[in-house]
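*Asks:* File follows, my_file-v9.txt with compact mmCIF, C-alpha atoms and all ligand atoms:
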```
# COMPACT_ATOMS: atom_id res chain seq x y z
CA MET A 251 0.75 62.45 11.98
CA ALA A 252 0.71 61.28 8.36
CA GLY A 253 -2.20 58.87 8.04
CA ASP A 254 -0.68 56.38 5.60
CA TRP A 255 2.57 56.01 7.43
CA PHE A 256 0.75 55.54 10.70
CA GLU A 257 -1.71 53.03 9.34
CA ASP A 258 1.01 51.00 7.62
CA SER A 259 3.15 50.86 10.74
CA PHE A 260 0.18 49.99 12.90
CA ARG A 261 -0.88 47.26 10.48
CA THR A 262 2.60 45.74 10.57
CA GLU A 263 2.51 45.62 14.35
CA TYR A 264 -1.08 44.39 14.42
CA LEU A 265 -0.24 41.44 12.17
CA ARG A 266 2.91 40.72 14.13
CA GLN A 267 0.94 40.59 17.37
CA GLN A 268 -1.75 38.45 15.80
CA THR A 269 0.85 35.89 14.77
CA SER A 270 2.53 36.01 18.14
CA MET A 271 -0.75 35.42 19.99
CA GLY A 272 -1.60 32.38 17.92
CA ARG A 273 -4.94 30.67 18.00
CA PHE A 274 -6.91 28.66 20.51
CA ASN A 275 -8.65 25.73 18.82
CA LEU A 276 -11.71 24.22 20.40
CA ALA A 277 -13.43 21.06 19.21
CA ILE A 278 -17.11 20.96 20.07
CA LEU A 279 -18.97 17.68 20.07
CA GLY A 280 -22.31 16.31 21.15
CA LYS A 281 -25.62 15.33 19.67
CA THR A 282 -27.36 17.64 17.29
CA GLY A 283 -29.45 20.40 18.83
CA VAL A 284 -28.03 20.20 22.36
CA GLY A 285 -26.88 23.80 22.14
CA LYS A 286 -23.26 23.62 20.95
CA SER A 287 -23.37 26.67 18.70
CA THR A 288 -25.34 28.64 21.26
CA LEU A 289 -22.71 27.90 23.90
CA VAL A 290 -19.84 28.92 21.63
CA ASN A 291 -21.66 32.15 20.82
CA ALA A 292 -22.30 32.93 24.47
CA ILE A 293 -18.64 32.57 25.42
CA PHE A 294 -16.84 33.74 22.29
CA GLY A 295 -19.34 36.05 20.63
CA GLU A 296 -21.42 35.90 17.53
CA GLU A 297 -18.56 36.21 15.11
CA VAL A 298 -17.69 32.54 14.88
CA ALA A 299 -21.26 31.65 14.06
CA ARG A 300 -21.51 34.41 11.52
CA THR A 301 -18.47 33.15 9.67
CA GLY A 302 -20.44 29.96 9.10
CA ILE A 303 -19.45 26.40 9.70
CA GLY A 304 -16.07 26.86 7.99
CA GLU A 305 -14.05 24.48 5.86
CA PRO A 306 -13.63 20.72 6.12
CA VAL A 307 -10.43 20.19 8.13
CA THR A 308 -9.19 17.74 5.51
CA LYS A 309 -10.72 16.72 2.23
CA GLY A 310 -13.84 14.64 2.77
CA SER A 311 -13.78 15.14 6.54
CA HIS A 312 -16.99 15.68 8.52
CA PHE A 313 -15.06 17.95 10.85
CA TYR A 314 -15.35 21.58 9.91
CA ARG A 315 -13.24 24.37 11.19
CA ALA A 316 -14.16 28.05 11.41
CA ASP A 317 -11.40 30.49 12.32
CA SER A 318 -12.07 33.94 13.62
CA GLY A 319 -9.24 36.00 15.05
CA ASN A 320 -7.60 34.05 17.83
CA LEU A 321 -10.18 31.30 17.86
CA GLY A 322 -10.69 28.17 15.83
CA VAL A 323 -13.87 26.14 16.32
CA ILE A 324 -13.96 22.57 15.09
CA ASP A 325 -17.47 21.25 14.71
CA THR A 326 -18.95 18.22 12.97
CA GLN A 327 -21.41 18.35 10.14
CA GLY A 328 -23.40 15.39 8.96
CA LEU A 329 -22.18 12.95 11.60
CA GLU A 330 -24.26 12.09 14.63
CA VAL A 331 -23.07 10.72 17.97
CA GLY A 332 -24.87 7.43 18.59
CA ARG A 333 -25.33 6.77 14.89
CA ASP A 334 -22.05 7.25 13.06
CA ASP A 335 -19.75 6.34 15.93
CA LYS A 336 -17.24 4.23 13.94
CA GLN A 337 -16.78 7.01 11.41
CA LEU A 338 -16.56 9.60 14.20
CA LEU A 339 -13.79 7.74 16.03
CA LYS A 340 -11.90 7.19 12.79
CA GLU A 341 -12.13 10.85 11.85
CA ILE A 342 -11.06 11.95 15.33
CA ASP A 343 -7.95 9.81 14.99
CA GLU A 344 -7.14 11.29 11.60
CA LEU A 345 -7.82 14.78 12.86
CA VAL A 346 -5.58 14.43 15.90
CA LYS A 347 -2.85 12.70 13.90
CA THR A 348 -2.61 15.44 11.28
CA SER A 349 -3.02 18.14 13.89
CA ARG A 350 -0.04 16.84 15.87
CA LYS A 351 2.36 17.44 13.00
CA MET A 352 1.35 21.06 12.83
CA PRO A 353 2.51 24.08 14.85
CA ILE A 354 0.85 24.52 18.23
CA SER A 355 -1.59 27.14 16.95
CA GLU A 356 -3.02 24.63 14.49
CA GLN A 357 -3.51 21.80 16.95
CA ILE A 358 -6.72 20.96 18.78
CA HIS A 359 -6.29 22.15 22.34
CA VAL A 360 -9.49 21.30 24.15
CA ALA A 361 -12.77 19.54 23.40
CA TRP A 362 -16.15 20.37 24.88
CA TYR A 363 -18.45 17.40 24.88
CA CYS A 364 -22.02 18.64 25.27
CA VAL A 365 -25.02 16.81 26.70
CA ARG A 366 -28.41 18.39 27.16
CA GLY A 367 -28.90 18.72 30.91
CA MET A 368 -32.50 17.52 30.88
CA ASP A 369 -31.93 14.59 28.53
CA ARG A 370 -31.77 12.16 31.43
CA ARG A 371 -29.52 9.91 29.50
CA PHE A 372 -25.92 9.55 28.61
CA GLU A 373 -25.07 6.77 26.20
CA GLN A 374 -22.21 4.32 26.07
CA SER A 375 -21.19 5.69 22.68
CA GLU A 376 -20.80 9.14 24.24
CA ALA A 377 -18.56 7.75 26.98
CA ASP A 378 -16.51 5.91 24.34
CA LEU A 379 -16.08 9.07 22.33
CA ILE A 380 -14.84 10.96 25.39
CA ARG A 381 -12.34 8.21 26.28
CA HIS A 382 -11.17 8.20 22.70
CA LEU A 383 -10.55 11.95 22.67
CA ASP A 384 -8.67 11.73 25.93
CA GLN A 385 -6.49 8.91 24.64
CA ALA A 386 -5.74 10.96 21.56
CA GLY A 387 -4.39 13.62 23.92
CA VAL A 388 -7.27 16.09 23.75
CA PRO A 389 -8.54 17.18 27.19
CA VAL A 390 -12.34 16.92 27.36
CA VAL A 391 -14.61 19.22 29.32
CA LEU A 392 -18.03 17.67 29.72
CA VAL A 393 -20.72 20.32 29.49
CA MET A 394 -24.36 19.93 30.42
CA THR A 395 -26.36 22.49 28.46
CA GLN A 396 -29.66 24.25 29.11
CA VAL A 397 -29.71 23.29 32.79
CA PRO A 398 -32.55 25.00 34.72
CA LEU A 399 -31.41 26.86 37.82
CA ARG A 400 -33.84 28.27 40.39
CA GLU A 401 -33.08 29.90 43.73
CA GLY A 402 -29.54 28.64 43.60
CA ARG A 403 -30.56 25.03 42.88
CA PHE A 404 -30.09 23.11 39.68
CA HIS A 405 -32.96 21.03 38.37
CA PRO A 406 -32.89 17.70 40.26
CA ASP A 407 -32.96 15.71 37.01
CA ALA A 408 -29.83 17.48 35.78
CA VAL A 409 -28.15 16.92 39.15
CA GLU A 410 -29.04 13.25 38.99
CA LEU A 411 -27.57 12.95 35.47
CA ALA A 412 -24.44 14.81 36.61
CA HIS A 413 -24.03 12.36 39.50
CA ARG A 414 -24.41 9.39 37.21
CA ILE A 415 -21.84 10.73 34.76
CA THR A 416 -19.41 11.58 37.58
CA ALA A 417 -19.75 8.02 38.93
CA MET A 418 -18.54 6.70 35.56
CA GLN A 419 -15.09 8.15 36.32
CA LEU A 420 -14.54 9.33 32.79
CA PRO A 421 -11.31 11.12 31.87
CA ILE A 422 -12.94 14.56 31.97
CA VAL A 423 -11.57 17.85 33.26
CA GLY A 424 -12.39 18.23 36.96
CA GLY A 425 -13.82 14.70 37.03
CA HIS A 426 -17.39 15.97 36.72
CA PRO A 427 -19.68 17.69 34.20
CA TYR A 428 -20.08 21.48 34.11
CA LEU A 429 -23.70 22.57 34.38
CA THR A 430 -24.54 25.55 32.19
CA ASN A 431 -27.22 27.60 30.55
CA ALA A 432 -26.00 29.75 27.69
CA ILE A 433 -28.90 32.13 27.16
CA PRO A 434 -31.30 33.36 29.82
CA ASP A 435 -34.87 32.21 29.44
CA GLU A 436 -37.40 34.74 30.66
CA PHE A 437 -40.39 32.46 30.73
CA SER A 438 -38.84 29.93 33.08
CA ALA A 439 -36.74 32.67 34.74
CA ASN A 440 -33.66 30.59 34.04
CA PRO A 441 -30.58 32.82 34.06
CA ALA A 442 -27.42 32.26 32.05
CA HIS A 443 -25.06 30.40 34.36
CA GLY A 444 -22.01 28.18 34.59
CA LEU A 445 -20.18 29.86 31.72
CA GLN A 446 -17.35 31.29 33.80
CA GLU A 447 -16.78 27.91 35.45
CA LEU A 448 -16.67 26.24 32.05
CA LEU A 449 -14.20 28.83 30.83
CA ASP A 450 -12.03 28.43 33.93
CA ALA A 451 -11.93 24.66 33.39
CA THR A 452 -10.91 25.28 29.79
CA PHE A 453 -8.11 27.62 30.88
CA ARG A 454 -6.82 24.96 33.27
CA VAL A 455 -6.10 22.55 30.41
CA ALA A 456 -5.33 24.88 27.50
CA PRO A 457 -1.61 24.85 26.63
CA GLU A 458 0.42 27.77 27.96
CA ALA A 459 1.25 28.91 24.42
CA VAL A 460 -2.39 29.59 23.54
CA GLN A 461 -3.62 30.99 26.87
CA GLY A 462 -3.24 34.53 25.52
CA ALA A 463 -5.28 33.63 22.45
CA LEU A 464 -7.99 32.17 24.67
CA VAL A 465 -8.05 35.32 26.81
CA ALA A 466 -8.56 37.37 23.66
CA ALA A 467 -11.09 35.03 22.07
CA GLN A 468 -13.46 34.72 25.02
CA GLN A 469 -15.71 37.64 25.83
CA ILE A 470 -17.18 36.91 29.25
CA ASP A 471 -14.17 37.27 31.52
CA THR A 472 -13.18 40.94 31.51
CA ARG A 473 -10.92 40.47 34.52
CA ARG A 474 -8.66 38.14 32.53
CA LYS A 475 -8.60 40.63 29.66
CA ARG A 476 -7.63 43.43 32.01
CA LEU A 477 -4.77 41.40 33.52
CA GLU A 478 -3.50 40.34 30.11
CA ALA A 479 -3.58 43.94 28.87
CA GLN A 480 -1.74 45.03 32.02
CA LYS A 481 0.91 42.40 31.36
CA HIS A 482 1.54 43.81 27.91
CA VAL A 483 1.69 47.37 29.23
CA VAL A 484 4.46 46.28 31.58
CA ILE A 485 6.25 44.46 28.75
CA GLY A 486 5.94 47.55 26.52
CA ALA A 487 7.19 49.89 29.24
CA GLY A 488 10.14 47.57 29.88
CA ALA A 489 11.01 47.37 26.20
CA ALA A 490 10.78 51.15 25.92
CA ALA A 491 13.14 51.59 28.85
CA ALA A 492 15.61 49.15 27.31
CA ALA A 493 15.42 50.85 23.93
CA ALA A 494 16.00 54.28 25.42
CA ALA A 495 18.79 53.08 27.66
CA SER A 496 20.73 51.16 25.05
CA PRO A 497 23.86 53.03 24.02
CA ILE A 498 23.18 52.92 20.29
CA PRO A 499 22.54 55.98 18.15
CA PHE A 500 18.91 55.01 17.43
CA SER A 501 17.98 55.24 21.07
CA ASP A 502 15.51 58.04 20.79
CA ALA A 503 11.79 58.59 20.49
CA ALA A 504 11.66 56.91 17.06
CA MET A 505 12.72 53.62 18.60
CA LEU A 506 9.68 53.78 20.81
CA VAL A 507 7.17 53.96 17.99
CA PRO A 508 7.14 50.25 17.02
CA ILE A 509 7.20 49.28 20.70
CA GLN A 510 4.23 51.44 21.52
CA LEU A 511 2.30 50.53 18.40
CA GLY A 512 2.99 46.85 19.05
CA MET A 513 1.74 47.20 22.61
CA MET A 514 -1.37 49.01 21.41
CA ALA A 515 -2.03 46.45 18.68
CA ARG A 516 -1.72 43.64 21.21
CA ILE A 517 -4.12 45.24 23.65
CA ALA A 518 -6.62 46.00 20.88
CA GLN A 519 -6.67 42.30 20.02
CA ILE A 520 -7.06 41.30 23.64
CA TYR A 521 -10.28 43.34 23.47
CA LYS A 522 -11.24 41.89 20.08
CA ILE A 523 -10.98 45.20 18.30
CA LYS A 524 -10.57 44.75 14.56
CA PHE A 525 -7.73 46.42 12.72
CA GLU A 526 -9.73 49.17 11.00
CA ARG A 527 -11.41 50.31 14.19
CA ALA A 528 -8.24 49.95 16.24
CA ALA A 529 -6.32 52.07 13.71
CA LEU A 530 -8.87 54.89 13.98
CA LEU A 531 -8.82 54.73 17.76
CA ALA A 532 -5.04 54.69 17.74
CA VAL A 533 -4.89 57.83 15.60
CA ALA A 534 -7.22 59.65 17.99
CA SER A 535 -5.33 58.39 21.03
CA THR A 536 -1.79 59.03 19.85
CA THR A 537 -2.74 62.53 18.72
CA ALA A 538 -4.04 63.07 22.21
CA ALA A 539 -0.90 61.53 23.68
CA THR A 540 1.33 63.85 21.70
CA GLN A 541 -0.56 66.86 23.00
CA ALA A 542 -0.80 65.64 26.55
CA GLY A 543 2.70 64.20 26.33
CA ARG A 544 4.28 67.49 25.38
CA ALA A 545 2.90 69.10 28.48
CA ALA A 546 3.66 66.14 30.69
CA PHE A 547 7.06 65.63 29.14
CA THR A 548 8.43 69.03 29.99
CA GLY A 549 7.59 68.31 33.58
CA LEU A 550 8.94 64.78 33.36
CA LEU A 551 12.24 65.82 31.87
CA LYS A 552 12.80 68.04 34.86
CA LEU A 553 11.79 65.29 37.23
CA VAL A 554 14.16 62.72 35.86
CA PRO A 555 17.67 63.12 37.22
CA GLY A 556 20.55 63.26 34.74
CA VAL A 557 18.35 64.04 31.80
CA GLY A 558 20.10 67.32 31.23
CA THR A 559 23.33 65.53 30.45
CA VAL A 560 21.84 63.46 27.63
CA ALA A 561 22.53 64.73 24.14
CA GLY A 562 19.69 66.53 22.38
CA GLY A 563 16.66 64.46 21.40
CA ALA A 564 17.59 61.34 23.30
CA ILE A 565 15.33 60.48 26.20
CA SER A 566 16.06 58.65 29.37
CA ALA A 567 14.93 55.12 30.12
CA GLY A 568 12.76 56.47 32.92
CA VAL A 569 10.92 58.90 30.69
CA ALA A 570 10.50 56.33 27.92
CA SER A 571 9.09 53.78 30.29
CA THR A 572 6.81 56.23 32.09
CA PHE A 573 5.49 57.59 28.83
CA THR A 574 4.90 54.12 27.36
CA PHE A 575 3.36 52.84 30.58
CA ALA A 576 0.90 55.74 30.70
CA MET A 577 0.05 55.30 27.04
CA GLY A 578 -0.56 51.60 27.49
CA GLN A 579 -2.74 52.14 30.54
CA ALA A 580 -4.80 54.82 28.85
CA TRP A 581 -5.12 52.76 25.67
CA ALA A 582 -6.25 49.70 27.62
CA VAL A 583 -9.00 51.77 29.22
CA VAL A 584 -10.09 53.06 25.80
CA CYS A 585 -10.15 49.53 24.37
CA ALA A 586 -12.10 48.13 27.32
CA ARG A 587 -14.69 50.91 26.95
CA VAL A 588 -15.04 50.40 23.22
CA ALA A 589 -15.33 46.64 23.71
CA SER A 590 -18.24 47.17 26.09
CA GLY A 591 -20.03 49.28 23.50
CA LYS A 592 -19.19 52.68 24.97
CA LEU A 593 -17.63 55.83 23.48
CA ARG A 594 -20.26 55.92 20.74
CA ASN A 595 -22.29 58.86 19.51
CA SER A 596 -26.07 58.78 19.13
CA GLU A 597 -25.70 56.92 15.80
CA GLY A 598 -23.62 54.20 17.40
CA MET A 599 -20.41 55.34 15.72
CA ILE A 600 -17.16 55.70 17.66
CA ASP A 601 -16.99 59.25 18.97
CA ASN A 602 -13.45 60.55 18.51
CA ASP A 603 -13.91 63.41 20.95
CA GLN A 604 -14.89 61.04 23.71
CA VAL A 605 -11.97 58.79 22.84
CA ARG A 606 -9.53 61.68 22.95
CA GLN A 607 -10.88 63.02 26.23
CA LEU A 608 -10.81 59.66 27.94
CA PHE A 609 -7.33 58.93 26.67
CA ILE A 610 -5.94 62.28 27.83
CA SER A 611 -7.47 62.05 31.27
CA GLU A 612 -6.24 58.48 31.81
CA PHE A 613 -2.85 59.25 30.35
CA THR A 614 -2.29 62.33 32.48
CA SER A 615 -3.34 60.63 35.69
CA LYS A 616 -1.01 57.68 34.98
CA VAL A 617 1.94 59.93 34.18
CA LYS A 618 1.39 61.72 37.48
CA VAL A 619 1.10 58.56 39.52
CA ARG A 620 4.17 57.05 37.94
CA SER A 621 6.42 60.05 38.18
CA GLN A 622 5.54 60.55 41.84
CA SER A 623 6.36 57.00 42.83
N1 LIG B 1 -32.86 28.95 26.56
C1 LIG B 1 -31.82 28.34 25.98
N2 LIG B 1 -31.94 27.84 24.73
C2 LIG B 1 -30.89 27.24 24.15
C3 LIG B 1 -29.67 27.11 24.85
N3 LIG B 1 -28.79 26.46 24.06
C4 LIG B 1 -29.45 26.19 22.91
N4 LIG B 1 -30.70 26.65 22.96
C5 LIG B 1 -31.67 26.53 21.87
O1 LIG B 1 -31.63 25.20 21.37
C6 LIG B 1 -31.64 25.17 19.95
C7 LIG B 1 -30.46 24.42 19.38
O2 LIG B 1 -29.27 25.08 19.72
P1 LIG B 1 -27.93 25.02 18.83
O3 LIG B 1 -26.95 25.84 19.56
O4 LIG B 1 -28.21 25.35 17.43
O5 LIG B 1 -27.58 23.48 18.93
P2 LIG B 1 -26.37 22.69 18.23
O6 LIG B 1 -25.91 21.70 19.20
O7 LIG B 1 -25.36 23.66 17.71
O8 LIG B 1 -27.10 21.99 17.04
P3 LIG B 1 -26.49 21.39 15.68
O9 LIG B 1 -25.48 22.38 15.17
O10 LIG B 1 -27.66 21.23 14.80
O11 LIG B 1 -25.86 20.09 16.02
C8 LIG B 1 -31.71 26.62 19.51
O12 LIG B 1 -33.05 26.95 19.23
C9 LIG B 1 -31.24 27.40 20.71
O13 LIG B 1 -31.81 28.68 20.76
C10 LIG B 1 -29.57 27.65 26.17
O14 LIG B 1 -28.54 27.59 26.85
N5 LIG B 1 -30.67 28.24 26.69
MG MG B 2 -24.49 23.93 15.81
```
Please render this file's structure as structure tokens.

*Replies:*
Amino acid sequence: MAGDWFEDSFRTEYLRQQTSMGRFNLAILGKTGVGKSTLVNAIFGEEVARTGIGEPVTKGSHFYRADSGNLGVIDTQGLEVGRDDKQLLKEIDELVKTSRKMPISEQIHVAWYCVRGMDRRFEQSEADLIRHLDQAGVPVVLVMTQVPLREGRFHPDAVELAHRITAMQLPIVGGHPYLTNAIPDEFSANPAHGLQELLDATFRVAPEAVQGALVAAQQIDTRRKRLEAQKHVVIGAGAAAAAAASPIPFSDAAMLVPIQLGMMARIAQIYKIKFERAALLAVASTTAATQAGRAAFTGLLKLVPGVGTVAGGAISAGVASTFTFAMGQAWAVVCARVASGKLRNSEGMIDNDQVRQLFISEFTSKVKVRSQS
């Protein structure tokens, strides 16, 4: 396969999928040092932090936004809850007002308000800020950070603070704070905890249109990634069937290329695989698919009734969908492995042989399963 042509086509599809996924924008608030950045890193990965604090959302604003892939993080810089409250509320209003005029992917979808679990206090100004955000239409998840957990019990002081906050009946998601610890602490044997619950709460209030972006952006819930990838395999297989079945002259294997590349680009992004790496993986995988496909295809063509009557080159909807389905499944497995740091050689580089082997074995088993059912 000609490298340039392939890379260009894949890039087109990758960008298209990126646009179609949109972005999940999270505002993160709370006093300085409570662990906001650490929490964002634990759930979304280091990338956001590495890109720095970002740009002021509007000129002169103390709200800064850092975008990375399908995630936007809005953080404050230079303003402190409990000290600059008037300015904070004013800037929140401005922020929400301008954000509302923008497309959904630019709006603020959810806010995490963070309190240190062992602080023992929660101030009036913090409650006001939360009410203000809620009134501005931004759902607030209240997070207690760095909460010690031992033998299944949270630290009593954190529990007591959580009870007090809950009793205030603030407009917060779930009606209560989420107790978390973002990074395990060996000395106190405090594990990381509460992150999945926090993420689930966030999913409950994130708009439908950016749920896919949130699935892609987060990196702790692999089950959600798997289901989302599966969804796009089914979509791709359906589109392939439709393309092959449509009675227009283009209905042949060439029509399937953008569909399959689009599906692969989408799944790569669900697993946070950057374009350059995804393109290399895709070359290795599609080469493997062509080899494995040729063998499987001959068998498939015989299996699919009526195929003999179709004019040369055209393929049936059944074959197109089976082939695309198997490709998508195999590709999703490759992406999941790569995302978890596997398929590397001893130098930590992606090992093309391993990629090819895994792809072929997954692809072949999926073709078999599908064509037998
Ligand atoms: N063990 C442990 N340490 C944490 C946790 N969260 C934060 N820390 C530590 O607390 C310190 C402050 O954390 P940050 O994430 O920088 O806090 P922040 O709220 O982003 O602070 P500002 O950006 O300055 O407002 C760092 O030294 C972290 O390593 C946690 O969940 N567990
Ligand atoms: Mg920070």

*Asks:* Given all atoms listed in the file as the basis, pick out the residue of A:Val397, A:Ile520, A:Met577, A:Ile380 nearest to Pro434 (chain A).

*Replies:* A:Val397

*Asks:* Residues within 10 Å of ligand LIG 1 (chain B) should be enumerated using all atoms listed in the file and returned as a count of residues only.

*Replies:* 48

*Asks:* Go ahead and compute the interatomic distance for CA of Met505 (chain A) and CA of Gly486 (chain A), in Å to one decimal.

*Replies:*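 Separation between CA of Met505 (chain A) and CA of Gly486 (chain A): 12.1 Å.
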
*Asks:* If I take CA of Lys522 (chain A) and CA of Val390 (chain A), how far is one from the other in Å, to one decimal?

*Replies:* 26.0 Å

*Asks:* One decimal, Å: what's the distance from CA of Leu379 (chain A) over to CA of His413 (chain A), could you say?

*Replies:* 19.2 Å

*Asks:* Counting all atoms listed in the file, which of A:Met368, A:Arg454, A:Ala316, A:Glu447 gets nearest to ligand MG 2 (chain B)?

*Replies:*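 Residue with the minimum atom-to-atom distance to ligand MG 2 (chain B): A:Ala316.
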
*Asks:* Smallest atom-to-atom distance to ligand MG 2 (chain B): which of A:Leu448, A:Ala492, A:Met352, A:Ala277, using all atoms listed in the file?

*Replies:*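 Ranking A:Leu448, A:Ala492, A:Met352, A:Ala277 by distance to ligand MG 2 (chain B), first place goes to A:Ala277.
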